[in-house]
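Everything below belongs to entry-v1.cif, which stores mmCIF, C-alpha atoms and all ligand atoms.
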```cif
data_my_file
loop_
_atom_site.label_atom_id
_atom_site.label_comp_id
_atom_site.auth_asym_id
_atom_site.auth_seq_id
_atom_site.Cartn_x
_atom_site.Cartn_y
_atom_site.Cartn_z
CA MET A 103 -1.36 21.51 14.84
CA ASN A 104 -0.44 20.20 18.28
CA SER A 105 -0.21 16.35 18.30
CA ALA A 106 -2.45 15.76 21.31
CA LEU A 107 -5.00 18.24 20.00
CA SER A 108 -5.06 16.46 16.65
CA LYS A 109 -5.37 13.06 18.31
CA PHE A 110 -8.14 13.83 20.79
CA LEU A 111 -10.02 16.49 18.85
CA PHE A 112 -10.00 14.89 15.42
CA PHE A 113 -8.49 11.46 15.05
CA TYR A 114 -10.21 9.49 17.84
CA PRO A 115 -13.68 11.10 17.46
CA VAL A 116 -13.73 10.94 13.64
CA THR A 117 -12.55 7.34 13.47
CA LEU A 118 -14.90 6.31 16.30
CA SER A 119 -17.84 7.89 14.49
CA LYS A 120 -17.02 5.56 11.60
CA GLY A 121 -17.09 2.56 13.94
CA GLU A 122 -13.35 2.32 14.54
CA PRO A 123 -12.56 1.98 18.29
CA ILE A 124 -8.83 2.65 17.93
CA ALA A 125 -8.27 4.09 21.41
CA PHE A 126 -9.71 0.88 22.92
CA LEU A 127 -7.60 -1.50 20.84
CA ILE A 128 -4.19 0.13 20.71
CA GLY A 129 -3.14 -1.21 24.15
CA ASP A 130 -3.50 -4.82 22.97
CA TYR A 131 -1.44 -4.04 19.90
CA ARG A 132 1.35 -2.51 21.96
CA ARG A 133 1.44 -5.63 24.13
CA ASN A 134 1.32 -8.13 21.25
CA GLN A 135 4.64 -7.01 19.81
CA TRP A 136 6.54 -8.32 22.86
CA LEU A 137 4.93 -11.77 22.83
CA PRO A 138 7.34 -14.62 22.08
CA LEU A 139 7.02 -16.13 18.60
CA GLN A 140 5.31 -19.24 19.92
CA LYS A 141 2.53 -17.20 21.56
CA ILE A 142 2.12 -15.19 18.37
CA GLN A 143 1.77 -18.40 16.37
CA GLU A 144 -0.87 -19.69 18.79
CA LEU A 145 -2.77 -16.45 18.36
CA GLN A 146 -2.44 -16.70 14.57
CA LEU A 147 -3.80 -20.24 14.50
CA LYS A 148 -6.81 -19.18 16.58
CA LEU A 149 -7.48 -16.11 14.42
CA PHE A 150 -7.02 -18.07 11.20
CA LYS A 151 -9.63 -20.62 12.24
CA GLU A 152 -12.02 -17.83 13.23
CA ILE A 153 -11.85 -16.04 9.87
CA MET A 154 -12.11 -19.39 8.05
CA GLN A 155 -15.17 -20.31 10.11
CA HIS A 156 -16.75 -16.91 9.46
CA SER A 157 -16.08 -17.20 5.73
CA ILE A 158 -17.56 -20.66 5.42
CA ALA A 159 -20.67 -19.46 7.24
CA ASN A 160 -21.09 -16.16 5.41
CA SER A 161 -19.33 -16.21 2.05
CA VAL A 162 -20.77 -18.29 -0.79
CA PHE A 163 -17.39 -18.25 -2.51
CA TYR A 164 -15.40 -19.78 0.36
CA ARG A 165 -18.15 -22.26 1.23
CA GLU A 166 -18.06 -23.59 -2.34
CA LEU A 167 -14.27 -23.39 -2.67
CA TYR A 168 -13.61 -25.44 0.50
CA ARG A 169 -16.41 -27.89 -0.27
CA LYS A 170 -14.87 -28.50 -3.69
CA HIS A 171 -11.45 -29.09 -2.13
CA GLY A 172 -12.91 -31.20 0.67
CA VAL A 173 -11.38 -29.09 3.45
CA SER A 174 -12.87 -27.77 6.67
CA VAL A 175 -11.77 -25.82 9.75
CA ASN A 176 -11.08 -29.14 11.51
CA ASP A 177 -8.26 -29.81 9.05
CA ILE A 178 -6.35 -26.81 10.40
CA GLN A 179 -4.56 -28.07 13.51
CA THR A 180 -1.22 -26.27 12.97
CA LEU A 181 -0.10 -23.28 10.91
CA ASP A 182 1.53 -25.69 8.44
CA ASP A 183 -1.90 -27.17 7.68
CA ILE A 184 -2.87 -23.83 6.11
CA LYS A 185 -0.79 -24.80 3.07
CA SER A 186 -3.40 -27.43 2.20
CA LEU A 187 -6.01 -24.74 1.50
CA PRO A 188 -6.52 -23.38 -2.02
CA ILE A 189 -5.06 -20.01 -2.98
CA VAL A 190 -7.32 -17.12 -3.95
CA SER A 191 -6.14 -14.99 -6.88
CA LYS A 192 -6.67 -11.39 -7.88
CA ASP A 193 -8.78 -12.66 -10.75
CA ASP A 194 -11.01 -14.46 -8.23
CA LEU A 195 -11.43 -11.26 -6.26
CA ILE A 196 -12.21 -9.20 -9.35
CA GLN A 197 -14.65 -11.67 -10.86
CA SER A 198 -16.32 -12.95 -7.69
CA LEU A 199 -16.35 -9.90 -5.39
CA ASP A 200 -20.07 -10.24 -4.73
CA ILE A 201 -19.96 -13.84 -3.56
CA ILE A 202 -16.63 -13.50 -1.73
CA SER A 203 -18.10 -10.59 0.25
CA THR A 204 -20.47 -11.20 3.13
CA LYS A 205 -23.38 -9.24 4.53
CA ASN A 206 -20.86 -7.48 6.82
CA LYS A 207 -20.04 -5.33 3.82
CA ASN A 208 -23.14 -3.28 4.56
CA PHE A 209 -22.26 -2.53 8.15
CA PHE A 210 -19.84 0.38 8.55
CA ALA A 211 -17.80 -1.06 5.70
CA SER A 212 -15.82 1.10 3.35
CA THR A 213 -14.97 0.39 -0.26
CA LYS A 214 -11.37 0.19 -1.33
CA THR A 215 -10.17 0.38 -4.88
CA THR A 216 -6.52 -0.21 -5.38
CA GLY A 217 -4.22 0.01 -8.39
CA GLY A 218 -2.41 -3.00 -7.03
CA SER A 219 1.28 -3.50 -7.44
CA THR A 220 0.81 -5.65 -10.51
CA GLY A 221 -1.45 -3.34 -12.46
CA GLN A 222 -4.69 -5.19 -11.84
CA PRO A 223 -7.08 -2.70 -10.25
CA VAL A 224 -9.00 -4.39 -7.47
CA LYS A 225 -12.06 -3.43 -5.48
CA LEU A 226 -13.11 -4.83 -2.12
CA PHE A 227 -14.96 -3.97 1.10
CA LYS A 228 -13.36 -3.57 4.49
CA ASP A 229 -15.36 -3.41 7.72
CA ALA A 230 -14.66 -0.67 10.25
CA LEU A 231 -13.23 -2.94 12.93
CA ALA A 232 -10.73 -4.38 10.48
CA LEU A 233 -9.79 -0.89 9.40
CA ALA A 234 -9.32 0.11 13.05
CA ARG A 235 -7.04 -2.86 13.60
CA GLU A 236 -5.04 -1.95 10.52
CA ARG A 237 -4.62 1.59 11.86
CA CYS A 238 -3.55 0.24 15.28
CA ALA A 239 -0.82 -1.90 13.71
CA THR A 240 0.40 1.05 11.67
CA SER A 241 0.40 3.41 14.68
CA ARG A 242 2.33 0.89 16.73
CA ALA A 243 4.95 0.61 13.98
CA TYR A 244 5.26 4.39 13.77
CA GLU A 245 6.08 4.38 17.48
CA TRP A 246 9.17 2.36 16.52
CA ALA A 247 10.22 5.42 14.54
CA GLY A 248 9.42 7.72 17.49
CA ILE A 249 6.22 8.97 15.87
CA GLY A 250 2.95 9.15 17.82
CA LEU A 251 -0.67 9.33 16.73
CA GLY A 252 -1.50 12.87 15.69
CA ASP A 253 2.10 13.95 15.05
CA SER A 254 2.34 16.28 12.08
CA GLN A 255 3.30 14.72 8.78
CA LEU A 256 4.76 16.08 5.58
CA ARG A 257 3.22 13.80 3.00
CA PHE A 258 4.67 13.22 -0.47
CA TRP A 259 1.68 11.65 -2.08
CA GLY A 260 -0.65 11.67 -5.03
CA VAL A 261 -3.12 14.47 -5.52
CA PRO A 262 -6.42 13.21 -6.97
CA HIS A 263 -7.26 14.44 -10.46
CA SER A 264 -10.93 15.21 -9.82
CA LYS A 265 -11.97 18.32 -7.89
CA ASN A 266 -14.28 16.53 -5.42
CA ALA A 267 -11.71 13.90 -4.60
CA ARG A 268 -9.17 16.67 -4.11
CA ARG A 269 -11.45 18.39 -1.60
CA MET A 270 -11.97 15.12 0.30
CA ALA A 271 -8.22 14.54 0.36
CA HIS A 272 -7.68 18.01 1.78
CA LEU A 273 -10.23 17.39 4.53
CA THR A 274 -8.63 14.05 5.43
CA ASP A 275 -5.26 15.76 5.58
CA ILE A 276 -6.53 18.30 8.11
CA ILE A 277 -8.03 15.56 10.30
CA ALA A 278 -4.84 13.53 10.12
CA ASN A 279 -2.64 16.58 10.85
CA ARG A 280 -0.65 16.39 7.66
CA LYS A 281 0.42 18.58 4.81
CA ARG A 282 0.34 17.03 1.37
CA VAL A 283 2.84 17.90 -1.29
CA SER A 284 2.21 16.69 -4.78
CA ALA A 285 4.22 13.72 -5.94
CA PHE A 286 3.06 14.61 -9.43
CA ASN A 287 4.83 17.92 -9.69
CA LEU A 288 8.55 17.64 -9.23
CA THR A 289 10.54 20.51 -10.65
CA ASP A 290 13.43 22.26 -8.93
CA ASP A 291 11.15 25.24 -8.37
CA SER A 292 8.40 23.20 -6.76
CA LEU A 293 10.93 21.33 -4.59
CA ALA A 294 12.35 24.67 -3.44
CA SER A 295 8.92 25.88 -2.40
CA TYR A 296 8.14 22.55 -0.64
CA TYR A 297 11.34 23.03 1.33
CA ASP A 298 10.41 26.61 2.32
CA GLU A 299 6.86 25.63 3.25
CA SER A 300 8.13 22.71 5.33
CA LYS A 301 10.30 25.03 7.40
CA VAL A 302 7.16 26.93 8.34
CA TYR A 303 4.90 23.87 8.76
CA LYS A 304 7.46 22.08 10.99
CA PRO A 305 6.46 18.45 10.37
CA LYS A 306 7.52 15.88 12.94
CA TYR A 307 8.10 13.34 10.15
CA VAL A 308 8.20 12.88 6.41
CA TYR A 309 6.09 10.20 4.74
CA GLY A 310 5.61 9.09 1.16
CA TYR A 311 6.82 7.31 -1.95
CA VAL A 312 10.47 6.30 -1.90
CA SER A 313 11.24 7.76 -5.34
CA VAL A 314 9.72 11.15 -4.53
CA ILE A 315 11.32 11.56 -1.10
CA GLU A 316 14.61 10.48 -2.68
CA ARG A 317 14.23 13.21 -5.30
CA PHE A 318 13.46 15.82 -2.60
CA ALA A 319 16.43 14.57 -0.55
CA ARG A 320 18.75 14.84 -3.53
CA PHE A 321 17.55 18.41 -4.03
CA ILE A 322 18.40 19.24 -0.40
CA VAL A 323 21.85 17.63 -0.70
CA ASP A 324 22.68 19.14 -4.12
CA ASN A 325 21.79 22.64 -2.92
CA ASN A 326 23.59 22.30 0.42
CA LEU A 327 20.40 23.04 2.32
CA ASP A 328 20.15 22.37 6.05
CA PRO A 329 18.15 19.34 7.20
CA LEU A 330 14.62 20.27 8.31
CA PRO A 331 15.10 20.70 12.09
CA SER A 332 11.60 19.56 13.09
CA VAL A 333 11.82 16.19 11.28
CA LYS A 334 12.54 13.24 13.61
CA ALA A 335 12.09 10.36 11.14
CA VAL A 336 11.34 9.55 7.52
CA ILE A 337 8.86 6.78 6.72
CA THR A 338 8.92 5.54 3.16
CA THR A 339 6.35 3.34 1.50
CA ALA A 340 4.91 1.75 -1.62
CA GLU A 341 8.19 1.08 -3.37
CA VAL A 342 11.38 -0.85 -2.79
CA LEU A 343 13.85 1.16 -0.70
CA ASN A 344 17.32 0.42 -2.05
CA SER A 345 20.52 1.36 -0.24
CA ASN A 346 21.24 4.35 -2.53
CA ALA A 347 17.86 5.87 -1.82
CA ARG A 348 18.24 5.22 1.90
CA SER A 349 21.64 6.86 2.13
CA VAL A 350 20.67 10.01 0.21
CA ILE A 351 17.50 10.40 2.33
CA GLU A 352 19.44 9.88 5.55
CA SER A 353 22.10 12.38 4.61
CA ALA A 354 19.52 15.02 3.59
CA PHE A 355 17.37 14.73 6.71
CA GLN A 356 20.01 13.46 9.18
CA VAL A 357 17.47 11.03 10.68
CA ASN A 358 16.70 7.33 10.28
CA VAL A 359 14.55 6.03 7.44
CA TYR A 360 11.88 3.44 8.24
CA ASN A 361 10.39 1.53 5.35
CA GLU A 362 6.85 0.20 5.39
CA TYR A 363 5.34 -2.39 3.12
CA GLY A 364 1.66 -2.77 2.47
CA CYS A 365 -0.99 -3.00 -0.18
CA GLY A 366 -4.48 -1.67 -0.73
CA GLU A 367 -6.22 -4.99 -0.11
CA VAL A 368 -4.95 -5.68 3.42
CA GLY A 369 -3.19 -2.44 4.34
CA SER A 370 -0.05 -2.39 6.38
CA ILE A 371 1.88 -5.71 6.07
CA ALA A 372 5.38 -5.11 7.46
CA HIS A 373 7.35 -2.27 9.05
CA GLN A 374 10.98 -1.68 9.85
CA CYS A 375 11.99 -1.57 13.50
CA GLU A 376 14.86 0.46 15.03
CA VAL A 377 17.28 -2.37 14.16
CA GLY A 378 16.23 -2.20 10.51
CA ASN A 379 14.35 -5.49 10.16
CA MET A 380 10.95 -5.63 8.43
CA HIS A 381 8.52 -7.15 10.94
CA ILE A 382 5.26 -8.67 9.71
CA MET A 383 2.14 -7.33 11.44
CA ALA A 384 1.50 -10.89 12.55
CA ASP A 385 -1.41 -10.13 14.87
CA ASN A 386 -3.45 -8.91 11.87
CA LEU A 387 -2.12 -11.06 9.05
CA TYR A 388 -0.72 -14.44 8.19
CA VAL A 389 1.99 -14.08 5.55
CA GLU A 390 3.39 -16.98 3.52
CA VAL A 391 5.35 -17.20 0.30
CA ASP A 392 4.59 -19.57 -2.55
CA GLY A 393 7.89 -21.45 -2.29
CA THR A 394 10.29 -22.57 0.44
CA ASP A 395 11.68 -19.21 1.55
CA SER A 396 11.19 -16.98 -1.49
CA GLY A 397 8.23 -16.57 -3.77
CA GLU A 398 5.01 -14.69 -4.35
CA ILE A 399 3.47 -13.38 -1.14
CA ILE A 400 0.27 -15.07 0.01
CA VAL A 401 -1.58 -13.23 2.73
CA THR A 402 -4.53 -13.90 5.04
CA ASP A 403 -6.30 -10.98 6.70
CA PHE A 404 -7.56 -12.19 10.10
CA PHE A 405 -10.10 -9.42 10.56
CA ASN A 406 -11.74 -8.26 7.35
CA ARG A 407 -15.15 -9.85 7.68
CA ALA A 408 -16.69 -7.86 4.81
CA THR A 409 -14.51 -9.24 1.99
CA PRO A 410 -12.52 -12.02 3.65
CA LEU A 411 -9.11 -12.67 2.11
CA ILE A 412 -7.77 -16.11 2.97
CA ARG A 413 -4.55 -17.22 1.26
CA TYR A 414 -4.75 -14.35 -1.19
CA ARG A 415 -1.93 -14.10 -3.73
CA LEU A 416 -0.60 -10.56 -3.80
CA GLY A 417 1.69 -10.55 -6.79
CA ASP A 418 4.76 -9.13 -5.00
CA PHE A 419 7.77 -11.37 -4.44
CA ALA A 420 9.47 -11.68 -1.06
CA THR A 421 11.99 -13.69 0.93
CA LEU A 422 11.02 -14.66 4.47
CA SER A 423 13.56 -15.03 7.26
CA SER A 424 13.47 -17.26 10.33
CA ALA A 425 15.90 -15.00 12.22
CA ILE A 426 14.97 -13.54 15.61
CA CYS A 427 15.36 -9.77 15.71
CA PRO A 428 17.62 -8.30 18.42
CA CYS A 429 14.97 -5.63 19.08
CA GLY A 430 13.10 -8.26 21.10
CA ARG A 431 9.87 -8.27 19.11
CA GLY A 432 8.49 -11.68 18.25
CA PHE A 433 6.95 -10.76 14.92
CA PRO A 434 8.49 -12.70 11.98
CA ILE A 435 10.78 -10.89 9.55
CA ILE A 436 10.61 -10.37 5.80
CA ASP A 437 14.16 -10.38 4.49
CA ALA A 438 13.56 -8.77 1.14
CA ILE A 439 10.62 -7.54 -0.85
CA HIS A 440 11.01 -7.52 -4.58
CA GLY A 441 7.84 -5.62 -5.10
CA ARG A 442 7.18 -2.38 -6.79
CA ALA A 443 9.92 -0.49 -8.49
CA TYR A 444 8.83 2.66 -10.14
CA ASP A 445 10.49 4.90 -12.65
CA LEU A 446 9.67 8.58 -12.61
CA LEU A 447 8.31 9.83 -15.93
CA GLU A 448 10.02 12.70 -17.64
CA MET A 449 7.95 15.30 -19.50
CA PRO A 450 9.12 17.38 -22.49
CA SER A 451 9.23 20.43 -20.19
CA GLY A 452 11.77 18.66 -17.97
CA LYS A 453 9.18 18.10 -15.26
CA LYS A 454 9.33 14.70 -13.53
CA MET A 455 6.12 12.94 -12.60
CA HIS A 456 5.48 10.13 -10.19
CA PRO A 457 3.93 7.06 -11.86
CA GLU A 458 0.98 7.17 -9.48
CA SER A 459 -0.29 10.11 -11.53
CA VAL A 460 -0.70 7.68 -14.43
CA ILE A 461 -2.03 4.90 -12.22
CA TYR A 462 -4.76 7.24 -10.91
CA VAL A 463 -6.02 7.68 -14.48
CA PHE A 464 -6.20 3.93 -15.05
CA GLU A 465 -7.97 3.41 -11.72
CA GLN A 466 -10.56 6.01 -12.55
CA ILE A 467 -11.30 4.52 -15.99
CA GLN A 468 -11.41 1.03 -14.52
CA GLN A 469 -13.89 2.10 -11.83
CA GLU A 470 -16.23 3.40 -14.50
CA THR A 471 -15.82 0.76 -17.19
CA ASN A 472 -14.27 -2.42 -15.72
CA ALA A 473 -12.72 -2.92 -19.17
CA PHE A 474 -9.28 -4.40 -18.56
CA LYS A 475 -7.49 -6.96 -16.47
CA GLN A 476 -4.04 -5.47 -16.29
CA PHE A 477 -1.96 -2.64 -17.65
CA GLN A 478 1.58 -1.48 -18.01
CA VAL A 479 2.84 1.92 -19.04
CA ILE A 480 6.07 2.33 -20.96
CA GLN A 481 7.67 5.66 -21.73
CA HIS A 482 9.75 5.09 -24.86
CA SER A 483 11.01 8.65 -25.24
CA VAL A 484 10.29 12.02 -23.74
CA ASN A 485 7.45 12.40 -26.28
CA THR A 486 5.96 8.91 -26.48
CA ILE A 487 4.18 6.81 -23.89
CA GLU A 488 2.59 3.45 -24.61
CA ALA A 489 -0.13 1.84 -22.50
CA LYS A 490 -0.18 -1.95 -22.79
CA ILE A 491 -3.55 -3.39 -21.90
CA ILE A 492 -4.84 -6.88 -21.23
CA ALA A 493 -8.45 -6.18 -22.12
CA ASN A 494 -11.61 -7.96 -21.05
CA VAL A 495 -15.03 -8.13 -22.74
CA ASN A 496 -15.94 -4.55 -21.79
CA TRP A 497 -13.00 -3.11 -23.70
CA SER A 498 -13.90 -0.96 -26.73
CA GLU A 499 -12.55 1.70 -29.02
CA ALA A 500 -14.47 4.25 -26.94
CA VAL A 501 -12.71 3.19 -23.73
CA SER A 502 -9.37 3.34 -25.51
CA ASN A 503 -10.06 6.88 -26.77
CA ARG A 504 -11.27 7.94 -23.34
CA LEU A 505 -8.07 6.59 -21.77
CA ILE A 506 -5.89 8.53 -24.18
CA SER A 507 -7.79 11.77 -23.66
CA GLU A 508 -7.62 11.43 -19.84
CA LEU A 509 -3.90 10.69 -20.02
CA LYS A 510 -3.34 13.76 -22.18
CA LYS A 511 -5.41 15.87 -19.82
CA HIS A 512 -3.72 14.75 -16.60
CA ILE A 513 -0.18 13.97 -17.70
CA ASP A 514 0.91 16.16 -20.58
CA ARG A 515 -0.83 17.27 -23.76
CA SER A 516 2.36 17.43 -25.79
CA VAL A 517 3.10 13.72 -25.26
CA HIS A 518 1.92 11.16 -27.82
CA PHE A 519 0.00 8.39 -26.03
CA SER A 520 -0.82 5.06 -27.65
CA VAL A 521 -2.70 1.96 -26.49
CA THR A 522 -1.65 -1.58 -27.42
CA GLN A 523 -3.63 -4.69 -26.55
CA VAL A 524 -1.49 -7.60 -25.36
CA ASP A 525 -2.10 -11.09 -23.95
CA THR A 526 0.57 -11.10 -21.25
CA LEU A 527 2.84 -8.65 -19.49
CA PRO A 528 6.42 -9.72 -18.80
CA ARG A 529 8.11 -9.49 -15.42
CA GLU A 530 11.64 -8.30 -14.89
CA LYS A 531 14.33 -10.93 -14.28
CA SER A 532 14.12 -10.17 -10.56
CA GLY A 533 10.44 -11.09 -10.57
CA LYS A 534 9.41 -7.46 -10.30
CA MET A 535 6.39 -6.34 -12.21
CA ARG A 536 7.26 -2.91 -13.52
CA LEU A 537 3.96 -1.12 -13.79
CA VAL A 538 5.46 2.07 -15.11
CA LYS A 539 8.70 1.85 -16.98
CA ARG A 540 10.95 4.47 -18.52
CA ASN A 541 12.87 2.95 -21.39
CA PHE A 542 15.38 5.64 -22.23
ZN ZN B 601 13.19 -5.75 15.19
#
```
Go through the file and emit its structure as C-alpha cells.
Amino acid sequence: MNSALSKFLFFYPVTLSKGEPIAFLIGDYRRNQWLPLQKIQELQLKLFKEIMQHSIANSVFYRELYRKHGVSVNDIQTLDDIKSLPIVSKDDLIQSLDIISTKNKNFFASTKTTGGSTGQPVKLFKDALALARERCATSRAYEWAGIGLGDSQLRFWGVPHSKNARRMAHLTDIIANRKRVSAFNLTDDSLASYYDESKVYKPKYVYGYVSVIERFARFIVDNNLDPLPSVKAVITTAEVLNSNARSVIESAFQVNVYNEYGCGEVGSIAHQCEVGNMHIMADNLYVEVDGTDSGEIIVTDFFNRATPLIRYRLGDFATLSSAICPCGRGFPIIDAIHGRAYDLLEMPSGKKMHPESVIYVFEQIQQETNAFKQFQVIQHSVNTIEAKIIANVNWSEAVSNRLISELKKHIDRSVHFSVTQVDTLPREKSGKMRLVKRNF
C-alpha cells in the first residue's frame, strides 16, 4: 500500500477513534529531540512531579507507599531527588495491579499483558493518550532511520497461537501497512518463500527480532541472493544486537541497522540514531539505573495515568553514558543494554523456532490461571525441553499438565516436555536473564 494512503486512510483515523491524537502531538515530539539537555531535564522534572501528583491523588498504592516513606511531591526539587523515592517491583505490579491502577483505566484504556524480559508475565492498563505519546516517540525514532508513518514493513514477528488472535493480528497488520512473516517457522524452505514474497511486497523496511532477522540475513548471504531493492533500513528489536548479528544483517540488506529497546510495560525506551547511539525517549520516560553508571534499569513513565509506573524496576541491565551525541539530539544515551538474549530452539525435524513461540504459551496459561511468578525454558537436547517454574498458590498438577499439552500442541509433539518447580532462577554472569536457553 502507498505510505500516505496508509497513514491518512487507516493509521490516523483508526488511532484517533481509539482516543489517540497522534497527528496533533507528533510536531511537539519532533521539536523535543533538538532541545538541549538542560531543557529536557527541566521538562522531565515538571513531568515527573505531574505524574507523582496524579498518582498520589488517584492511586491507593502510591498514596500509601509515599505516606509510609514520608515523601511528597515537595521533596522533588531536582532530578537527583527522585532517588529518594521507593522503587516499585514487578511483584508489586503483579500483586497490587488493582490499587496501583486509577479510575483512568476505564477511559479509553487498553490492557497490556507482557511476557517481560525476565519471565514474569505482567498485566497493566495504559490510557490512550499515553499510548499515542508512545507511538509518537517511536515514529520520531523511525524517522532517524528514514522511515515515515505508514511506510510498508516486512515484520518478522510472532504469530498468535489462537485463531481469533491470529485474525486480529492480520487486521492490525493491514491497518499498519505491514506484512508479517512467522518468527516461529524458520526452515530454509520457508526463508526462501519469505524472500520471494518480499520481492513482490516491496517493503520499505524490515522490522523484528534480532535473532530471526539475523537468520534470514544469513540465508540471503549464504545463497548469494541480491539485497531486497525496496528496503531502506532494518530496525531490530527485543533482543541484544551484537556486532556479529549487525554485520551479517548489514551485508545481506546493504542498509543500516537501527536497534530499538523497549518493553511491554512502558513501550519504546531507546532508539539508535544515525550515528549509532541509543537515545532514551526522555520526553516520555525517566530512565535510571540501580547503581552509579551500570545496573538494573529503573523507569518512570510520565504519561500512563491508568497504571502509573514510577521508579519501576524492569529487570534488564544497562550502562548509562553521559556523552553528548554528535547527531545534535539532547536525549541521554544508553551505552549498553545487557537485556534479553535468546537462543533459537531446534526441533527434531531440523526446524528452528523463535523462543517467543514458547513464551506465547506461558503468557496464555498465565492469563487464564495466574499460577506462577516466573519461568525459564531450557532445551537440553533436540528431544527434551524443561520448563522451570517458580509457582504461586494457584499452581496445581492440572496447570502443569495443561502447560505440557499446550507446549506439545504449539511447539512439537515429538519433543519430551517436563516441568520442574524451583525457588530461584539464576542469571548469567553478564547479568542477563536467559528466558529460553539451548544447552547443547
Ligand atoms: Zn545521536
Next on the checklist: ligand ZN 601 (chain B): which residues are within 12 Å, counting only C-alpha atoms and all ligand atoms? Reply as a ChimeraX atom specification.
Outcome noted: /A:135-136,243,246-247,360,372-383,425-437
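Proximity to A:Asp275 was assessed for A:Met103, A:Ala420, A:Val479, A:Leu127 counting all atoms listed in the file; the smallest distance is recorded for A:Met103.
Contact shell of A:Leu527 at 9 Å (only C-alpha atoms; same-chain neighbours under 6 positions omitted): Gln476, Phe477, Gln478, Lys490, Ile491, Ile492 and Met535 of chain A.
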Checklist outcome for this item: Pairwise distance, atom CA of A:Ile202 with atom CA of A:Ser161, equals 5.4 Å
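With distances restricted to all atoms listed in the file, A:Leu187 is the closest residue to A:His171 from A:Glu398, A:Leu187, A:Leu195, A:Leu330.
Excluding stretch 234-241 of chain A and any residue on its chain fewer than 3 positions from it, the residues at most 6 Å away by only C-alpha atoms are Glu122, Ile124, Ile128, Leu231 and Tyr244 of chain A.
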Checklist entry - Smallest atom-to-atom distance to A:Leu251: which of A:Lys109, A:His263, A:Lys214, A:Arg165, using all atoms listed in the file? => result A:Lys109
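Among the candidates A:Val521, A:Leu137, A:Ile142, A:Val460, the residue lying nearest to A:Leu509 is A:Val460 (atoms considered: all atoms listed in the file).
Between atom CA of A:Val389 and atom CA of A:Val401 lies a distance of 4.6 Å.
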Item to check | atom CA of A:Ile506 to atom CA of A:Asp194, distance in Å rounded to a single decimal | outcome: 28.4 Å
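Taking only C-alpha atoms into account, A:Ala211 lies nearest to A:Thr409 out of the set A:Gln155, A:Ser396, A:Thr409, A:Gln197.
Remark: residues at most 12 Å from position (-12.5, -2.0, -22.2) in file coordinates are Phe464, Ile467, Gln468, Gln469, Glu470, Thr471, Asn472, Ala473, Phe474, Lys475, Gln476, Phe477, Ile491, Ile492, Ala493, Asn494, Val495, Asn496, Trp497, Ser498, Glu499, Ala500, Val501, Ser502, Asn503, Arg504, Leu505, Val521 and Gln523 of chain A, using only C-alpha atoms.
Among the candidates A:Leu226, A:Ile158, A:Val517, A:Ile400, the residue lying nearest to A:Leu199 is A:Leu226 (atoms considered: only C-alpha atoms).
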Checklist entry - Within 8 Å of (-8.2, -26.7, 15.6), in the coordinates the file gives, what residues turn up when you count only C-alpha atoms, written out as an NGL selection string? => result :A and (147-148 or 151 or 175-180)
Next on the checklist: At a cut-off of 10 Å, using only C-alpha atoms, what residues contact A:Lys306? Leave out same-chain residues fewer than 2 positions from it and give the result as a PyMOL selection string.
Outcome noted: chain A and resi 105+248-250+252-256+280+303-304+308+330-336
Item to check | Residues within 10 Å of A:Val368, only C-alpha atoms, excluding chain neighbours under 6 positions, as a VMD selection string | outcome: chain A and resid 214 226 228 232 to 233 236 386 to 387 401 to 406 410 to 411 414 416
Return stretch 499-510 of chain A, completed with N, CA and C atoms, as a PDB file, in the coordinates of the input.
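Result file follows (part-v1.pdb):
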```pdb
ATOM      1  N   GLU A 499     -13.245   0.552 -28.449  1.00  0.00           N
ATOM      2  CA  GLU A 499     -12.550   1.700 -29.020  1.00  0.00           C
ATOM      3  C   GLU A 499     -12.831   2.954 -28.181  1.00  0.00           C
ATOM      4  N   ALA A 500     -14.080   3.064 -27.722  1.00  0.00           N
ATOM      5  CA  ALA A 500     -14.470   4.250 -26.940  1.00  0.00           C
ATOM      6  C   ALA A 500     -13.666   4.329 -25.638  1.00  0.00           C
ATOM      7  N   VAL A 501     -13.477   3.191 -24.985  1.00  0.00           N
ATOM      8  CA  VAL A 501     -12.710   3.190 -23.730  1.00  0.00           C
ATOM      9  C   VAL A 501     -11.263   3.577 -24.022  1.00  0.00           C
ATOM     10  N   SER A 502     -10.746   3.033 -25.124  1.00  0.00           N
ATOM     11  CA  SER A 502      -9.370   3.340 -25.510  1.00  0.00           C
ATOM     12  C   SER A 502      -9.182   4.844 -25.753  1.00  0.00           C
ATOM     13  N   ASN A 503     -10.136   5.438 -26.492  1.00  0.00           N
ATOM     14  CA  ASN A 503     -10.060   6.880 -26.770  1.00  0.00           C
ATOM     15  C   ASN A 503     -10.166   7.703 -25.485  1.00  0.00           C
ATOM     16  N   ARG A 504     -11.061   7.263 -24.617  1.00  0.00           N
ATOM     17  CA  ARG A 504     -11.270   7.940 -23.340  1.00  0.00           C
ATOM     18  C   ARG A 504      -9.975   7.927 -22.512  1.00  0.00           C
ATOM     19  N   LEU A 505      -9.330   6.755 -22.507  1.00  0.00           N
ATOM     20  CA  LEU A 505      -8.070   6.590 -21.770  1.00  0.00           C
ATOM     21  C   LEU A 505      -7.020   7.571 -22.280  1.00  0.00           C
ATOM     22  N   ILE A 506      -6.905   7.630 -23.605  1.00  0.00           N
ATOM     23  CA  ILE A 506      -5.890   8.530 -24.180  1.00  0.00           C
ATOM     24  C   ILE A 506      -6.210   9.984 -23.832  1.00  0.00           C
ATOM     25  N   SER A 507      -7.493  10.358 -23.921  1.00  0.00           N
ATOM     26  CA  SER A 507      -7.790  11.770 -23.660  1.00  0.00           C
ATOM     27  C   SER A 507      -7.579  12.117 -22.179  1.00  0.00           C
ATOM     28  N   GLU A 508      -7.873  11.177 -21.270  1.00  0.00           N
ATOM     29  CA  GLU A 508      -7.620  11.430 -19.840  1.00  0.00           C
ATOM     30  C   GLU A 508      -6.112  11.504 -19.549  1.00  0.00           C
ATOM     31  N   LEU A 509      -5.355  10.653 -20.222  1.00  0.00           N
ATOM     32  CA  LEU A 509      -3.900  10.690 -20.020  1.00  0.00           C
ATOM     33  C   LEU A 509      -3.331  12.021 -20.482  1.00  0.00           C
ATOM     34  N   LYS A 510      -3.814  12.466 -21.653  1.00  0.00           N
ATOM     35  CA  LYS A 510      -3.340  13.760 -22.180  1.00  0.00           C
ATOM     36  C   LYS A 510      -3.681  14.876 -21.192  1.00  0.00           C
TER      37      LYS A 510
END
```
